[in-house]
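Report on the following structure.
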Amino acid sequence: MTTASTQDQPNGEAAMLPDEGHVSAAVADAVAERAGHLFGLMGNGNAHLISRLTRRGFPFTSARHESATVAMADAYHRATGGVAAATTTYGAGFTNAYTTLAEARIARIPLVLVVGDAPAGGSRNFDIDQVKAAEAVGVRTLVAGPGNAAAITHRAFDLAVQTVQPVIVAIPYDLATAPLTEPEVLEPLPAKAVWPPQESDLERVAALLAAAERPVVIAGRGVVLADAASPLREIGDRLGALFMTSVMAINAFGSQWDLGVAGGFTRRHRLEVARQADVVLVVGASMNIFQTRYGTLFPEGTRIIRVDNEPDEEHPIVVDYIRSDIRPFVEGLLGRVEPATSAWRERVPEVAGEEFRSSSPTEDPVEFGPDGRLNPRAVVAALEGILPAERSVVMDGGHFIGWAPMYLSVPDPHAMILVGTAFQSIGMGFGSAAGVSVARPERVTVLVSGDGGGLMGLADFETFLRVTRRGVVIVLNDSAYGAELHQYAAKGLHNAAMLIDEVDFAAVGRALGAKGAKARSLADLAELKAWLATGDDGVFVLDVAISQQVVAEFMAESVARK
């Protein structure tokens, strides 16, 4: 490739620029081939890599804290489905990104993190064993050197895609600008294991579904990754089944017969219908404690069949586990399912009705909580009619996550993004929302955060404002660490460390250049509505004073079972 990579010397000869012809440059070129964007923060260990990419015009977004580098890349993948890339320097840069790396590992996000590392010739007094640290959270590290820099970076992307996991490319400090040598030949990457469907399993599941009177079909992220939502929906339509999804597959079916998210985010009136099911087909969902509502999603005796290509885990409510690649199984099952003679849908026509599907909270519709602050259910339900339909909804972690997936609709599964829940962490909201804004600039990015997580990730509030064409920040502000308040103060623990002096995030946003308002009543939401009506670019911050005494459904279920 011919680029502006040389500069003329007085004698007319071309001199090599400091960011080409070495290990970091080869890694950068491979990243440019395989990724659509790089998220990072420059330091001693990755300066040459970033310079190589930005000089050639490759899209790069800088974070203000290394934690956000991986959070942005993680969210970029969730919003697009494409493999993502991030970079930090060595040492503190790496450890600052450790929490978000752990989140990406547990959530199974395919991304490549390029990091600086200790010199190959020996560690310095401020170096740590980053390879072992990464291994501790289950992340593999590949080391780039003069003979393998390009090939090992491509290998990292191949592994990330194949394993659906993050992979690290480490550049030892003393090799970052080492000249390239004769390329080394890597051993071929072993082929990914395949799990073709078994005829006996297909016949058995088809027979169970044919005999079902009240079938439910649940789709998880695996269905989205396998592009199997359409044939799975056709199976459900033939059976007259009702649908549910995991959060990461929300609205995958695009059906009026969808009961929404399965688990702790299920609306009460929809849960009552779902619990009437006699046979449940779960495809591509882990059926973890949240998706099963702590084991209470379906009553004992419900026949639950789970199909996935991952190793089986112990599930107290799963009766029948089938290991198979998802798309071939769904297509094989579709060929065996006949139209039902008596559909459950005919007996529950209200499911497809507008009132049943309304965002109005049947759980608790009052405007204020017992303490006089706003009821978050009423707030989020009202936002459903105020926020633009073409939106991405991004959430930090915390107690407040209980409401947006219940009351806010999104266009597709890539538009409801929760970064932090897999690792039970908070503080990733601003970073992950920035990644979504970069990934889907045509949509309005709506970040829903709590005040605790918002304060923890405050450094990248500026990043979000800088990269967002049009966005809204909703801070559900209870002046507390709400999860701890409802789990432990309720049991008698002293609450002093659980409370937060109230911070007006709208004022913080205005100081950084955004618009904003504080909401203490539903009428105050009119300020957001008026701003959206202008069509102006920018970000509006709505700080909502919510009650400390309203407990989300998922949290109530959790506390009841501890």
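Chain identifiers are assigned as A, B, and so on, following the order in which chains appear in the structure tokens; residues are numbered from 1 within each chain, and ligands are numbered from 1 in order of appearance.
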
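The environment of A:Arg64 within 8 Å, counting only C-alpha atoms and disregarding residues fewer than 5 places along the same chain, consists of Leu41, Ala459, Asp460, Glu462 and Thr463 of chain A.
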
Query raised in the report: How would you write, as a ChimeraX atom specification, the set of residues in stretch 129-249 of chain A that DSSP gives as strand (DSSP E)?
Result: /A:140-143,167-172,215-219,242-245

Query raised in the report: With distances taken over only C-alpha atoms, which of A:Leu281, A:Ala526, A:Thr163, A:Gly264 is nearest to A:Met555?
Result: A:Gly264

**Report entry** Selection: 6 Å around stretch 68-73 of chain A, only C-alpha atoms, excl. self and same-chain fewer than 5 positions, as a ChimeraX atom specification
**Finding:** /A:39-40,63,84-86,100,431-432,435

Mind dumping the selected residues with N, CA, C and O atoms as a short mmCIF file (atom, residue, chain, number, x, y, z; two decimals), in the first residue's frame?
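Final output, result_25.cif:
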```cif
data_model
loop_
_atom_site.label_atom_id
_atom_site.label_comp_id
_atom_site.auth_asym_id
_atom_site.auth_seq_id
_atom_site.Cartn_x
_atom_site.Cartn_y
_atom_site.Cartn_z
N PHE A 39 -10.89 1.44 19.61
CA PHE A 39 -11.16 2.24 20.81
C PHE A 39 -9.95 2.11 21.72
O PHE A 39 -9.45 0.99 21.93
N GLY A 40 -9.47 3.21 22.28
CA GLY A 40 -8.28 3.08 23.09
C GLY A 40 -7.91 4.31 23.86
O GLY A 40 -8.62 5.32 23.88
N ALA A 63 -10.67 7.09 24.71
CA ALA A 63 -11.38 7.15 26.00
C ALA A 63 -10.65 8.12 26.92
O ALA A 63 -9.56 8.61 26.60
N ALA A 84 -14.74 -6.56 17.50
CA ALA A 84 -14.34 -5.23 17.94
C ALA A 84 -12.86 -5.21 18.32
O ALA A 84 -12.25 -6.28 18.52
N ALA A 85 -12.31 -4.02 18.44
CA ALA A 85 -10.89 -3.89 18.79
C ALA A 85 -10.70 -2.73 19.76
O ALA A 85 -11.35 -1.69 19.65
N ALA A 86 -9.78 -2.95 20.72
CA ALA A 86 -9.46 -1.92 21.71
C ALA A 86 -7.97 -1.97 21.99
O ALA A 86 -7.29 -2.96 21.66
N THR A 100 -13.55 -4.35 32.74
CA THR A 100 -14.32 -4.44 31.50
C THR A 100 -13.88 -5.63 30.66
O THR A 100 -14.69 -6.20 29.92
N GLY A 431 -18.97 4.77 28.91
CA GLY A 431 -18.08 4.17 27.92
C GLY A 431 -18.84 3.31 26.92
O GLY A 431 -18.65 3.43 25.71
N SER A 432 -19.70 2.43 27.41
CA SER A 432 -20.43 1.55 26.50
C SER A 432 -21.38 2.34 25.61
O SER A 432 -21.54 2.05 24.42
N GLY A 435 -19.50 3.70 22.72
CA GLY A 435 -19.28 2.69 21.70
C GLY A 435 -20.49 2.49 20.82
O GLY A 435 -20.38 2.29 19.60
#
```

With only C-alpha atoms as the counted atoms, please give the residues lying no more than 8 Å from A:Val247, apart from itself and same-chain residues fewer than 5 positions off, as a short mmCIF file (atom, residue, chain, number, x, y, z; two decimals) with all heavy atoms, in the first residue's frame.
```cif
data_model
loop_
_atom_site.label_atom_id
_atom_site.label_comp_id
_atom_site.auth_asym_id
_atom_site.auth_seq_id
_atom_site.Cartn_x
_atom_site.Cartn_y
_atom_site.Cartn_z
N GLY A 220 -32.60 -17.02 22.67
CA GLY A 220 -31.51 -16.31 23.34
C GLY A 220 -30.54 -15.74 22.33
O GLY A 220 -30.75 -15.78 21.12
N VAL A 261 -39.21 -10.10 27.52
CA VAL A 261 -38.01 -10.70 28.08
C VAL A 261 -38.38 -11.73 29.15
O VAL A 261 -39.21 -11.46 30.02
CB VAL A 261 -37.10 -9.61 28.68
CG1 VAL A 261 -35.87 -10.24 29.33
CG2 VAL A 261 -36.69 -8.61 27.62
N ALA A 262 -37.75 -12.89 29.06
CA ALA A 262 -38.00 -13.96 30.03
C ALA A 262 -37.14 -13.75 31.28
O ALA A 262 -35.95 -13.48 31.18
CB ALA A 262 -37.68 -15.31 29.41
N PRO A 405 -35.76 -2.60 30.42
CA PRO A 405 -36.13 -3.74 29.58
C PRO A 405 -37.61 -4.12 29.69
O PRO A 405 -38.13 -4.82 28.81
CB PRO A 405 -35.25 -4.88 30.11
CG PRO A 405 -34.12 -4.20 30.81
CD PRO A 405 -34.72 -2.97 31.39
N PRO A 413 -32.55 -6.78 18.44
CA PRO A 413 -31.72 -7.22 19.57
C PRO A 413 -30.43 -6.44 19.75
O PRO A 413 -29.87 -6.43 20.84
CB PRO A 413 -31.43 -8.69 19.23
CG PRO A 413 -32.50 -9.11 18.31
CD PRO A 413 -32.85 -7.90 17.52
N MET A 416 -30.69 -3.11 22.48
CA MET A 416 -30.85 -3.15 23.93
C MET A 416 -29.56 -3.72 24.49
O MET A 416 -29.28 -4.91 24.37
CB MET A 416 -32.04 -4.00 24.34
CG MET A 416 -32.26 -4.09 25.86
SD MET A 416 -32.83 -2.54 26.65
CE MET A 416 -34.56 -2.53 26.17
#
```

Query raised in the report: Leaving out stretch 169-185 of chain A and any residue of its chain fewer than 4 positions from it, which residues lie within 10 Å of it when counting only C-alpha atoms, given as a PyMOL selection string?
Result: chain A and resi 18-27+44-49+87+89-90+112-123+130-131+140-157

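If you look at atom CA of A:Ile218 and atom CA of A:Gln276, they are 14.5 Å away from each other.
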
Query raised in the report: Quick one: residues within 9 Å of A:Pro388, only C-alpha atoms counted, chain neighbours fewer than 3 positions away excluded, as a PyMOL selection string?
Result: chain A and resi 384-385+391+443-444+532

For the residues selected in the previous step, produce a file with N, CA and C atoms as a tab-separated table (two decimals), in the first residue's frame.
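The resulting file, result.tsv, is reproduced below:
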```
chain	number	residue	atom	x	y	z
A	384	GLU	N	-41.25	5.77	27.17
A	384	GLU	CA	-41.52	4.95	25.98
A	384	GLU	C	-42.22	5.77	24.90
A	385	GLY	N	-43.10	6.67	25.30
A	385	GLY	CA	-43.82	7.49	24.34
A	385	GLY	C	-43.14	8.80	24.00
A	391	ARG	N	-34.04	4.01	18.23
A	391	ARG	CA	-33.14	4.30	19.33
A	391	ARG	C	-32.34	3.06	19.73
A	443	ARG	N	-29.04	6.19	14.92
A	443	ARG	CA	-30.03	6.04	15.98
A	443	ARG	C	-29.71	7.00	17.13
A	444	VAL	N	-30.76	7.37	17.86
A	444	VAL	CA	-30.56	8.14	19.08
A	444	VAL	C	-30.05	7.20	20.15
A	532	LEU	N	-36.28	17.15	22.17
A	532	LEU	CA	-36.32	16.18	21.07
A	532	LEU	C	-37.08	16.73	19.88
```

Query - Pick from A:Ile304, A:Leu186, A:Ala134, A:Ala523 nearest to A:Ile168, counting only C-alpha atoms - result: A:Ala134

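The coordinates place atom CA of A:Gly457 at 21.2 Å from atom CA of A:Leu111.
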
**Report entry** Test item, helix (DSSP H, G or I) assignment across stretch 321-480 of chain A, answer as a count of residues only
**Finding:** 68

Requested in this report: Would you mind listing what lies within 8 Å of A:Val410 as a PyMOL selection string, with only C-alpha atoms counted and same-chain residues fewer than 3 positions away left out?
Outcome: chain A and resi 250-251+389-393+413+415-416

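Among the candidates A:Arg55, A:Arg347, A:Arg336, A:Lys491, the residue lying nearest to A:Arg204 is A:Arg336 (atoms considered: only C-alpha atoms).
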